[in-house]
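Just target_37.cif here, mmCIF, C-alpha atoms and all ligand atoms:
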data_protein
loop_
_atom_site.label_atom_id
_atom_site.label_comp_id
_atom_site.auth_asym_id
_atom_site.auth_seq_id
_atom_site.Cartn_x
_atom_site.Cartn_y
_atom_site.Cartn_z
CA MET A 380 56.39 93.81 19.43
CA ARG A 381 57.10 94.93 22.96
CA ASP A 382 59.15 97.97 23.78
CA ILE A 383 62.73 97.06 24.60
CA GLU A 384 64.61 99.25 27.02
CA LEU A 385 68.39 99.43 26.97
CA GLN A 386 70.49 100.70 29.88
CA PRO A 387 74.26 100.82 29.38
CA CYS A 388 76.23 100.52 32.64
CA ASP A 389 79.52 102.34 33.19
CA GLY A 390 82.37 99.95 32.48
CA GLY A 391 79.96 97.02 32.51
CA PRO A 392 77.14 95.33 30.66
CA LEU A 393 74.11 96.55 28.78
CA LEU A 394 70.89 95.92 30.70
CA VAL A 395 68.08 94.85 28.41
CA ARG A 396 64.48 94.89 29.57
CA GLY A 397 61.52 93.47 27.71
CA ALA A 398 63.34 91.39 25.06
CA ARG A 399 62.34 87.80 24.27
CA VAL A 400 65.39 87.01 22.19
CA TRP A 401 68.86 88.48 22.06
CA THR A 402 70.72 88.25 18.75
CA ASP A 403 74.49 88.40 19.13
CA ASP A 404 76.96 89.82 16.61
CA ASP A 405 77.28 86.47 14.85
CA GLY A 406 73.55 86.32 14.34
CA ASN A 407 72.95 83.62 16.99
CA ARG A 408 69.62 84.03 18.71
CA HIS A 409 69.54 83.54 22.50
CA PRO A 410 66.18 83.18 24.21
CA VAL A 411 65.68 85.63 27.08
CA LEU A 412 64.17 83.91 30.10
CA ARG A 413 64.09 86.77 32.59
CA PRO A 414 62.55 90.22 32.62
CA VAL A 415 65.94 91.92 32.58
CA VAL A 416 69.22 90.54 31.31
CA ALA A 417 72.78 91.88 31.29
CA VAL A 418 74.54 91.60 27.93
CA CYS A 419 78.34 91.46 28.12
CA ARG A 420 80.07 94.38 26.44
CA CYS A 421 83.66 93.64 27.49
CA GLY A 422 83.92 90.43 25.51
CA LYS A 423 85.45 88.48 28.40
CA SER A 424 82.42 86.77 29.95
CA SER A 425 82.38 82.99 30.02
CA LEU A 426 78.58 83.09 29.73
CA ARG A 427 78.36 85.17 26.61
CA PRO A 428 76.22 86.78 25.44
CA TRP A 429 75.42 87.37 29.11
CA CYS A 430 77.65 89.24 31.55
CA ASP A 431 79.20 87.15 34.32
CA GLY A 432 80.88 89.95 36.25
CA THR A 433 84.32 89.41 34.71
CA HIS A 434 84.43 93.02 33.51
CA LYS A 435 85.22 94.04 37.09
CA LEU A 436 88.52 92.17 36.96
CA LEU A 437 89.72 94.01 33.90
CA ARG A 438 92.40 96.37 35.09
CA VAL A 439 92.54 98.33 31.86
CA ALA A 440 89.23 99.62 30.63
CA VAL A 441 88.49 97.80 27.41
CA ALA A 442 86.52 99.31 24.60
CA LEU A 443 82.95 98.28 25.23
CA ASP A 444 80.84 97.11 22.37
CA PRO A 445 78.10 99.74 22.44
CA ARG A 446 75.39 97.36 21.36
CA GLY A 447 74.25 93.97 20.25
CA SER A 448 70.93 93.61 18.48
CA ALA A 449 67.63 92.70 19.99
CA SER A 450 64.61 91.27 18.32
CA MET B 1444 83.38 60.14 49.93
CA VAL B 1445 80.23 59.71 47.85
CA VAL B 1446 77.40 62.20 48.24
CA VAL B 1447 73.97 60.78 48.62
CA ALA B 1448 71.00 63.11 48.31
CA HIS B 1449 69.31 63.76 51.63
CA GLU B 1450 66.18 61.65 51.75
CA GLY B 1451 64.66 62.51 55.11
CA VAL B 1452 62.56 65.37 53.82
CA ALA B 1453 61.15 66.21 50.42
CA ALA B 1454 62.68 69.32 48.90
CA ALA B 1455 59.52 71.32 48.31
CA SER B 1456 57.72 71.39 51.63
CA PRO B 1457 60.09 71.70 54.63
CA GLN B 1458 60.78 75.32 53.90
CA GLN B 1459 57.20 76.14 54.81
CA LEU B 1460 57.65 75.02 58.39
CA ALA B 1461 58.59 77.23 61.30
CA PRO B 1462 61.98 76.27 62.70
CA ARG B 1463 62.00 74.27 65.90
CA VAL B 1464 63.30 75.85 69.08
CA PRO B 1465 67.09 75.34 69.10
CA ARG B 1466 68.67 72.76 71.38
CA ARG B 1467 72.15 74.19 71.81
CA ARG B 1468 71.67 77.26 74.00
CA GLY B 1469 73.20 79.43 76.69
CA ALA B 1470 71.73 81.02 79.80
CA LEU B 1471 69.95 83.97 78.13
CA SER B 1472 68.57 82.04 75.16
CA ASP B 1473 67.54 79.24 77.46
CA ALA B 1474 65.65 81.54 79.84
CA THR B 1475 64.04 83.39 76.93
CA LEU B 1476 62.94 80.30 75.05
CA ARG B 1477 61.54 78.68 78.20
CA LEU B 1478 59.32 81.73 78.64
CA LEU B 1479 58.25 81.77 75.00
CA VAL B 1480 56.87 78.22 75.01
CA ASP B 1481 54.04 79.48 77.23
CA SER B 1482 51.37 81.75 75.83
CA PRO B 1483 51.94 85.42 76.56
CA ASN B 1484 51.08 86.22 80.18
CA GLU B 1485 52.00 88.84 82.72
CA VAL B 1486 54.51 86.78 84.66
CA SER B 1487 56.45 85.76 81.57
CA GLU B 1488 56.40 89.30 80.28
CA ARG B 1489 57.77 90.62 83.56
CA ARG B 1490 60.56 88.04 83.43
CA LEU B 1491 61.41 88.94 79.84
CA ARG B 1492 61.69 92.58 80.83
CA ALA B 1493 63.94 91.56 83.71
CA LEU B 1494 66.16 89.66 81.26
CA ALA B 1495 66.38 92.83 79.17
CA THR B 1496 67.79 94.80 82.09
CA ARG B 1497 70.56 92.23 82.46
CA VAL B 1498 71.77 92.55 78.88
CA SER B 1499 75.07 94.30 79.23
CA GLY B 1500 78.44 94.13 77.64
CA PRO B 1501 79.40 92.89 74.21
CA VAL B 1502 77.00 90.72 72.20
CA LEU B 1503 78.70 90.66 68.81
CA ALA B 1504 80.72 87.52 69.48
CA ASP B 1505 78.42 86.08 72.15
CA ARG B 1506 76.57 83.09 70.69
CA ASP B 1507 73.99 83.02 73.45
CA ALA B 1508 73.04 86.66 72.84
CA GLN B 1509 73.04 86.31 69.06
CA LEU B 1510 70.95 83.15 69.23
CA THR B 1511 68.43 84.92 71.46
CA LEU B 1512 68.25 87.81 69.02
CA TRP B 1513 67.92 85.43 66.07
CA CYS B 1514 64.98 83.65 67.73
CA LEU B 1515 63.25 86.92 68.61
CA TYR B 1516 63.73 88.10 65.03
CA GLU B 1517 62.38 84.83 63.69
CA LEU B 1518 59.06 85.72 65.31
CA GLN B 1519 58.84 88.38 62.57
CA TYR B 1520 59.50 85.86 59.79
CA ARG B 1521 57.98 82.40 60.17
CA GLY B 1522 57.85 82.11 63.94
CA LEU B 1523 59.19 79.20 65.97
CA ALA B 1524 57.47 75.84 66.19
CA HIS B 1525 55.13 75.66 69.20
CA VAL B 1526 55.69 79.30 70.13
CA ASP B 1527 52.53 81.40 70.35
CA GLU B 1528 52.31 83.82 67.42
CA ARG B 1529 51.14 86.62 69.69
CA TRP B 1530 54.66 86.90 71.10
CA GLU B 1531 55.61 88.63 67.85
CA TRP B 1532 54.27 91.97 69.08
CA SER B 1533 54.67 91.50 72.81
CA PRO B 1534 56.13 94.71 74.28
CA ALA B 1535 58.29 92.61 76.60
CA VAL B 1536 59.77 90.69 73.67
CA LEU B 1537 60.43 93.98 71.91
CA THR B 1538 62.07 95.35 75.06
CA LEU B 1539 64.48 92.42 75.26
CA ARG B 1540 65.10 92.58 71.53
CA GLY B 1541 65.75 96.31 71.79
CA ALA B 1542 68.33 95.82 74.54
CA LEU B 1543 70.22 93.28 72.44
CA GLU B 1544 69.97 95.45 69.34
CA ALA B 1545 71.30 98.50 71.15
CA SER B 1546 74.48 96.67 72.20
CA PHE B 1547 74.84 94.99 68.82
CA GLU B 1548 74.51 98.23 66.86
CA ALA B 1549 76.85 100.13 69.18
CA GLU B 1550 79.53 97.46 68.79
CA LEU B 1551 79.15 97.41 65.03
CA ARG B 1552 79.40 101.19 64.86
CA ARG B 1553 82.59 101.12 66.91
CA ALA B 1554 84.03 98.37 64.73
CA VAL B 1555 83.41 100.14 61.41
CA GLY B 1556 84.63 103.50 62.75
CA ASP B 1557 84.76 106.21 60.11
CA LEU B 1558 83.99 103.93 57.18
CA PRO B 1559 80.33 104.98 56.83
CA ARG B 1560 81.43 108.61 56.56
CA THR B 1561 84.14 107.66 54.06
CA PHE B 1562 81.53 105.77 52.03
CA ALA B 1563 79.28 108.83 52.07
CA ASP B 1564 82.09 111.23 51.09
CA VAL B 1565 83.42 109.07 48.28
CA SER B 1566 79.93 108.38 46.93
CA ARG B 1567 79.24 112.11 46.79
CA GLU B 1568 82.60 113.21 45.44
CA THR B 1569 83.47 110.39 43.07
CA GLY B 1570 80.73 107.79 42.77
CA LEU B 1571 79.06 104.80 44.32
CA VAL B 1572 81.26 102.21 42.65
CA GLU B 1573 84.30 103.95 44.13
CA ALA B 1574 82.58 104.14 47.53
CA PHE B 1575 82.18 100.34 47.53
CA GLU B 1576 85.82 100.03 46.51
CA ALA B 1577 86.84 102.20 49.46
CA VAL B 1578 85.05 99.86 51.87
CA ASP B 1579 86.57 96.85 50.15
CA GLN B 1580 90.05 98.31 50.51
CA ALA B 1581 89.53 99.05 54.17
CA LEU B 1582 87.99 95.64 54.84
CA PRO B 1583 89.50 93.25 52.30
CA GLY B 1584 87.98 89.76 52.27
CA PRO B 1585 90.27 86.85 53.11
CA GLY B 1586 89.59 85.05 49.82
CA ALA B 1587 87.59 82.15 51.21
CA SER B 1588 85.85 81.47 47.90
CA ARG B 1589 89.19 81.02 46.14
CA TYR B 1590 90.19 78.50 48.82
CA VAL B 1591 86.91 76.66 48.33
CA ARG B 1592 87.43 76.61 44.58
CA ARG B 1593 90.88 75.07 44.81
CA SER B 1594 91.11 73.14 48.04
CA ALA B 1595 87.86 72.54 49.93
CA SER B 1596 87.08 68.93 50.76
CA LEU B 1597 83.56 67.58 50.43
CA ALA B 1598 83.07 67.91 54.20
CA GLN B 1599 84.21 71.55 54.03
CA TRP B 1600 81.90 72.12 51.09
CA GLN B 1601 79.03 70.83 53.18
CA GLU B 1602 80.08 73.11 56.03
CA LEU B 1603 80.02 76.03 53.61
CA LEU B 1604 76.48 75.20 52.51
CA VAL B 1605 75.30 74.80 56.10
CA SER B 1606 76.88 78.14 57.07
CA LYS B 1607 75.15 79.84 54.17
CA SER B 1608 71.83 78.07 54.72
CA ILE B 1609 70.61 80.20 57.61
CA TYR B 1610 70.37 83.12 55.18
CA GLN B 1611 70.05 81.37 51.84
CA LEU B 1612 66.91 79.45 52.85
CA LYS B 1613 65.24 82.81 53.43
CA GLU B 1614 67.20 84.49 50.69
CA ALA B 1615 66.04 88.04 49.90
CA ASP B 1616 63.53 88.17 52.77
CA PRO B 1617 65.47 90.53 55.08
CA HIS B 1618 65.77 93.08 52.27
CA SER B 1619 62.10 92.82 51.38
CA TRP B 1620 61.27 94.72 54.59
CA ALA B 1621 62.49 97.78 52.66
CA ILE B 1622 59.86 97.55 49.92
CA PRO B 1623 57.01 99.48 51.58
CA ARG B 1624 59.47 101.97 53.03
CA LEU B 1625 61.07 103.02 49.76
CA ALA B 1626 59.52 105.26 47.14
CA GLY B 1627 60.15 106.14 43.52
CA ASP B 1628 62.90 104.66 41.36
CA ALA B 1629 64.64 102.92 44.25
CA LYS B 1630 61.50 100.92 44.99
CA THR B 1631 61.11 99.92 41.34
CA ALA B 1632 64.70 98.70 41.28
CA LEU B 1633 64.43 96.77 44.55
CA VAL B 1634 61.32 94.97 43.37
CA GLU B 1635 62.96 94.17 40.04
CA ILE B 1636 65.71 92.38 41.99
CA GLN B 1637 63.38 90.67 44.43
CA TYR B 1638 61.07 89.44 41.66
CA ASP B 1639 64.05 87.59 40.22
CA GLU B 1640 65.08 86.33 43.68
CA TYR B 1641 61.60 84.94 44.19
CA GLY B 1642 61.68 83.03 40.92
CA ALA B 1643 60.39 85.61 38.40
CA GLY B 1644 56.99 83.94 38.37
CA ARG B 1645 58.40 80.47 37.71
CA ARG B 1646 57.42 77.76 40.18
CA GLY B 1647 60.27 76.19 42.08
CA ARG B 1648 62.76 78.85 40.95
CA GLN B 1649 62.94 80.93 44.10
CA HIS B 1650 66.59 81.22 44.95
CA SER B 1651 65.85 79.82 48.40
CA GLN B 1652 64.27 76.77 46.74
CA LEU B 1653 67.25 76.30 44.44
CA PHE B 1654 69.50 76.45 47.48
CA ALA B 1655 67.38 73.90 49.33
CA GLU B 1656 67.66 71.56 46.37
CA THR B 1657 71.43 72.08 46.29
CA MET B 1658 71.62 71.14 49.97
CA ARG B 1659 69.52 68.04 49.47
CA LEU B 1660 71.63 66.90 46.53
CA CYS B 1661 74.77 67.44 48.62
CA GLY B 1662 73.50 65.12 51.32
CA LEU B 1663 72.21 67.82 53.69
CA ASP B 1664 68.87 68.52 55.34
CA PRO B 1665 67.21 71.31 53.31
CA GLY B 1666 64.82 72.22 56.13
CA TYR B 1667 64.53 75.90 57.01
CA ALA B 1668 67.03 76.67 59.81
CA ALA B 1669 67.56 72.92 60.26
CA TYR B 1670 71.18 73.55 61.23
CA LEU B 1671 70.59 76.33 63.72
CA ASP B 1672 72.31 74.28 66.44
CA ALA B 1673 75.40 73.76 64.30
CA VAL B 1674 76.27 77.30 63.28
CA PRO B 1675 78.81 79.42 65.18
CA VAL B 1676 78.08 82.94 66.33
CA SER B 1677 79.56 84.60 63.24
CA VAL B 1678 76.78 83.08 61.11
CA LEU B 1679 74.07 84.26 63.51
CA ALA B 1680 75.54 87.77 63.73
CA LEU B 1681 75.54 88.41 60.01
CA ASN B 1682 71.97 87.16 59.75
CA ASN B 1683 70.91 89.36 62.64
CA LEU B 1684 72.56 92.36 61.03
CA MET B 1685 70.37 92.02 57.92
CA THR B 1686 67.21 91.70 59.94
CA MET B 1687 68.10 94.60 62.21
CA LEU B 1688 68.72 96.81 59.18
CA GLY B 1689 65.50 95.58 57.58
CA LEU B 1690 63.20 96.01 60.57
CA HIS B 1691 64.23 99.54 61.58
CA ARG B 1692 63.00 102.27 59.30
CA ARG B 1693 65.70 104.61 60.56
CA LEU B 1694 68.21 102.14 59.04
CA LEU B 1695 66.38 101.89 55.69
CA ALA B 1696 69.35 103.13 53.68
CA GLY B 1697 71.46 100.58 55.55
CA VAL B 1698 69.46 97.61 54.32
CA VAL B 1699 69.48 99.06 50.82
CA GLY B 1700 73.26 99.45 51.04
CA HIS B 1701 73.58 95.95 52.42
CA LEU B 1702 71.67 94.47 49.50
CA ALA B 1703 73.82 96.44 47.07
CA LEU B 1704 76.90 95.04 48.85
CA TYR B 1705 75.61 91.48 48.53
CA GLU B 1706 74.67 91.87 44.89
CA SER B 1707 77.99 93.43 43.99
CA THR B 1708 80.19 90.92 45.81
CA SER B 1709 78.57 87.61 45.01
CA CYS B 1710 79.10 87.12 41.29
CA LEU B 1711 82.75 86.03 41.44
CA PRO B 1712 82.49 83.90 44.61
CA ASN B 1713 79.57 82.03 43.07
CA LYS B 1714 81.72 81.35 40.04
CA HIS B 1715 84.36 79.87 42.35
CA TYR B 1716 81.70 77.79 44.13
CA ALA B 1717 80.41 76.43 40.83
CA VAL B 1718 83.94 75.31 39.92
CA ALA B 1719 84.39 73.75 43.37
CA ALA B 1720 81.09 71.88 43.12
CA ARG B 1721 82.09 70.41 39.75
CA ARG B 1722 85.56 69.55 41.05
CA LEU B 1723 84.02 67.71 44.00
CA GLY B 1724 81.68 65.82 41.71
CA VAL B 1725 78.40 66.82 43.36
CA PRO B 1726 75.31 66.15 41.21
CA ALA B 1727 75.01 68.56 38.28
CA ASP B 1728 71.68 69.94 39.48
CA ALA B 1729 73.36 71.03 42.71
CA VAL B 1730 75.48 73.43 40.69
CA THR B 1731 72.43 75.18 39.20
CA TYR B 1732 72.12 77.50 42.17
CA PHE B 1733 75.64 78.85 41.70
CA ASP B 1734 75.41 79.12 37.91
CA GLU B 1735 72.10 80.94 38.32
CA HIS B 1736 73.73 83.39 40.72
CA VAL B 1737 76.60 84.24 38.44
CA GLU B 1738 74.13 85.29 35.76
CA ALA B 1739 71.55 86.86 38.07
CA ASP B 1740 74.00 88.79 40.22
CA ALA B 1741 75.73 90.30 37.22
CA ILE B 1742 72.33 91.86 36.49
CA HIS B 1743 71.41 92.59 40.09
CA GLU B 1744 74.69 94.33 40.82
CA GLN B 1745 73.95 97.01 38.25
CA VAL B 1746 70.33 97.36 39.28
CA ALA B 1747 71.19 97.42 42.98
CA VAL B 1748 74.06 99.87 42.91
CA VAL B 1749 72.97 102.27 40.18
CA ASN B 1750 69.18 102.05 39.97
CA MET B 1751 68.35 101.27 43.60
CA LEU B 1752 70.96 102.73 45.94
CA GLY B 1753 71.91 105.45 43.44
CA ALA B 1754 68.30 106.56 43.09
CA HIS B 1755 67.68 106.43 46.83
CA LEU B 1756 70.72 108.57 47.59
CA ARG B 1757 69.85 110.98 44.80
CA ASP B 1758 66.43 111.46 46.45
CA HIS B 1759 67.82 111.35 50.02
CA PRO B 1760 71.43 112.56 49.96
CA ASP B 1761 71.57 112.65 53.76
CA ASP B 1762 71.12 108.88 53.89
CA ALA B 1763 74.57 108.13 52.47
CA GLU B 1764 76.17 107.54 55.85
CA VAL B 1765 73.47 105.12 56.96
CA ALA B 1766 73.93 103.29 53.65
CA GLY B 1767 77.66 103.21 54.38
CA PHE B 1768 76.95 101.67 57.77
CA GLY B 1769 74.98 98.83 56.15
CA VAL B 1770 77.73 98.26 53.61
CA ALA B 1771 80.62 98.39 56.08
CA ALA B 1772 78.94 96.32 58.79
CA GLY B 1773 77.93 93.74 56.19
CA ALA B 1774 81.47 93.49 54.84
CA LEU B 1775 82.89 93.31 58.35
CA LEU B 1776 80.71 90.37 59.43
CA ASP B 1777 81.07 88.52 56.11
CA ASN B 1778 84.84 88.79 56.41
CA GLU B 1779 84.82 87.65 60.02
CA LEU B 1780 82.86 84.53 59.09
CA ALA B 1781 85.14 83.79 56.14
CA ARG B 1782 88.27 84.30 58.23
CA GLN B 1783 87.05 81.84 60.85
CA GLN B 1784 86.09 79.27 58.23
CA LEU B 1785 89.47 79.55 56.53
CA ALA B 1786 91.38 79.28 59.79
CA CYS B 1787 89.52 76.09 60.72
CA TRP B 1788 89.71 74.51 57.29
CA ARG B 1789 93.40 75.28 56.82
CA ALA B 1790 94.08 73.69 60.20
CA GLY B 1791 92.00 70.64 59.27
CA ARG B 1792 89.41 71.41 61.96
CA PRO B 1793 85.64 71.56 61.43
CA PHE B 1794 84.11 75.03 61.46
CA LEU B 1795 80.65 73.99 62.59
CA LEU B 1796 79.74 73.10 66.16
CA GLU B 1797 78.22 69.76 65.18
CA ARG B 1798 78.84 67.16 62.53
CA VAL B 1799 76.34 67.67 59.75
CA ALA B 1800 76.78 64.75 57.40
S1 LIG C 1 80.44 93.19 30.66
FE1 LIG C 1 80.36 91.97 32.40
S2 LIG C 1 81.57 90.29 31.86
FE2 LIG C 1 81.64 91.50 30.08
#
For the structure just supplied, provide its representation as structure tokens.
Amino acid sequence: MRDIELQPCDGGPLLVRGARVWTDDDGNRHPVLRPVVAVCRCGKSSLRPWCDGTHKLLRVAVALDPRGSAS
Amino acid sequence: MVVVAHEGVAAASPQQLAPRVPRRRGALSDATLRLLVDSPNEVSERRLRALATRVSGPVLADRDAQLTLWCLYELQYRGLAHVDERWEWSPAVLTLRGALEASFEAELRRAVGDLPRTFADVSRETGLVEAFEAVDQALPGPGASRYVRRSASLAQWQELLVSKSIYQLKEADPHSWAIPRLAGDAKTALVEIQYDEYGAGRRGRQHSQLFAETMRLCGLDPGYAAYLDAVPVSVLALNNLMTMLGLHRRLLAGVVGHLALYESTSCLPNKHYAVAARRLGVPADAVTYFDEHVEADAIHEQVAVVNMLGAHLRDHPDDAEVAGFGVAAGALLDNELARQQLACWRAGRPFLLERVA
């Protein structure tokens, strides 16, 4: 198993490096096709589980989900 | 109107070719390009130096001057078809280029005024995200991507692609000049972004290749700089800005700032473009480029602003104003282009200088 590195971004997504699959909160497994991916933590992305930049439009800071689960 | 994929050239190969010498020229570009079709020699070099002494006055909105600069810069990328490669390092070429650059940079610095200092102050006192917001507030975009999403016609959509193509067909290249000049965490972050831009090891997935395929599927010539004759000065100026920032080590933080600007302002416009493409009924594969950019730029924005520019300014705090110059000048020229496009499109006029499809 490779090391997975997580980098939370202020008010934005969680950057995930080194994962092959991302498992969302409902247990769905999403293949990871790039070396680093941004996982949405604001819940508003239309590309979930990935961030699509929508968090920047949120006027009120929403509570960010601190994690998903990687495998 | 029905879009038919461009069949003149296969998608994979034309990008390899050096662009041909442009047809639509003015006095300076004409004189320069006539000299460059000969091999380097003393007479031509003397004439190029003489041209340099005649560069005076504003160049920012002068298509002839910007086209000349673009062609001289292209010698550093892929060269021009039938132009001797040795011109790349000819002192006379560099003298002419330097004269154009000096006017260009001075005009840009006047136009952005105090914004680079504001960017530096805000980034130090509050944070980088807020520094970008300060530039955005001072230079708000005209909302061209929202217009494209809702209202652009197919012809306007094609004009948008052609306007973007001068950069997008060499996407990421101007910022790659920074790689050997950076050190430490900022370099790691830049290469992480560029690796993705260049396809992350997957054949055919370079963003420039995806863009070429999008052009082809939208009935346009995907050849590198194929539409050089059609683009107005605002397109040439914003391309020249990137290369100027990239090629001058004293402006290193500027090209880093410029990349961070691009990565942090492209996610939402690309979303609008994807909607527009679907609304206009272009082939589904032509939308891939925009979908890819929504996802990629959401990642790149964080890496570019925090890991790259943030790390560079942590290691070189005195560079913040130069970074601010790259950011502000980039925003200024992007907005100028968008404003001109919107004005033409709203008035039902073409933006480009030639019909493209
Ligand atoms: S965190 Fe970016 S869209 Fe949700």
Separation of atom CA of B:Leu1537 from atom CA of B:Leu1633 in Å: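 Atom CA of B:Leu1537 lies at a distance of 27.8 Å from atom CA of B:Leu1633.
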Out of A:Leu437, A:Ile383, A:Gly391, A:Val411, which residue has the shortest atom-to-atom distance to ligand LIG 1 (chain C) when counting all atoms listed in the file? A:Gly391
Site check for ligand LIG 1 (chain C): residues at most 10 Å away, all atoms listed in the file, as a PyMOL selection string: (chain A and resi 387-394+417-437+441+443-444) or (chain B and resi 1738+1741-1742)
For the atom pair atom CA of B:Thr1631 and atom CA of B:Val1749, what is the interatomic distance in Å to one decimal place?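 Separating atom CA of B:Thr1631 from atom CA of B:Val1749 is a distance of 12.1 Å.
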I need the chain B residues near chain A as a ChimeraX atom specification; criterion: at most 9 Å, counting only C-alpha atoms. /B:1635,1639,1643,1707,1710-1711,1714,1737-1746,1749
Contact residues around B:Tyr1610 with only C-alpha atoms at 12 Å, ignoring same-chain residues under 5 positions, as a list of chain:residue names: B:Trp1513, B:Glu1517, B:Leu1604, B:Val1605, B:Ala1615, B:Asp1616, B:Pro1617, B:His1618, B:His1650, B:Ser1651, B:Phe1654, B:Ala1655, B:Tyr1667, B:Ala1668, B:Ala1669, B:Tyr1670, B:Leu1671, B:Val1674, B:Val1678, B:Leu1679, B:Ala1680, B:Leu1681, B:Asn1682, B:Asn1683, B:Leu1684, B:Met1685, B:Thr1686, B:Tyr1705
Excluding same-chain residues fewer than 3 positions from B:Leu1723, what lies within 9 Å of it counting all atoms listed in the file, as a VMD selection string? chain B and resid 1595 to 1597 1600 1718 to 1720
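Straight-line separation from atom CA of B:Arg1467 to atom CA of B:Leu1510: 9.4 Å.
Ranking B:Leu1775, B:Leu1704, B:Ala1800, B:Val1578 by their shortest atom-to-atom distance to B:Cys1661, with only C-alpha atoms included, puts B:Ala1800 first.
Counting only C-alpha atoms and comparing B:Leu1460, B:Ala1577, B:Val1502, B:Val1770, the residue that lies closest to B:Ala1545 is B:Val1502.
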Pull the neighbourhood of (52.1, 90.3, 70.4) for me: all residues within 12 Å in file coordinates, counting all atoms listed in the file, as a VMD selection string. chain B and resid 1479 1482 to 1484 1488 1515 1518 to 1519 1522 1526 to 1537
So which one's closest to B:Pro1559, B:Val1725, B:Ala1581, B:Ser1606, B:Ala1493? Using all atoms listed in the file, please. B:Ala1581
Kindly provide, as a PyMOL selection string, the polymer residues lying within 10 Å of (77.7, 92.3, 72.1), counting all atoms listed in the file and using the coordinates exactly as they appear in the file. chain B and resi 1498-1506+1508-1509+1543-1551+1680
If you count only C-alpha atoms, which residues fall within 12 Å of A:Asp405, apart from same-chain ones fewer than 2 positions away, as an NGL selection string? :A and (401-403 or 407-409 or 427-428 or 447-448)
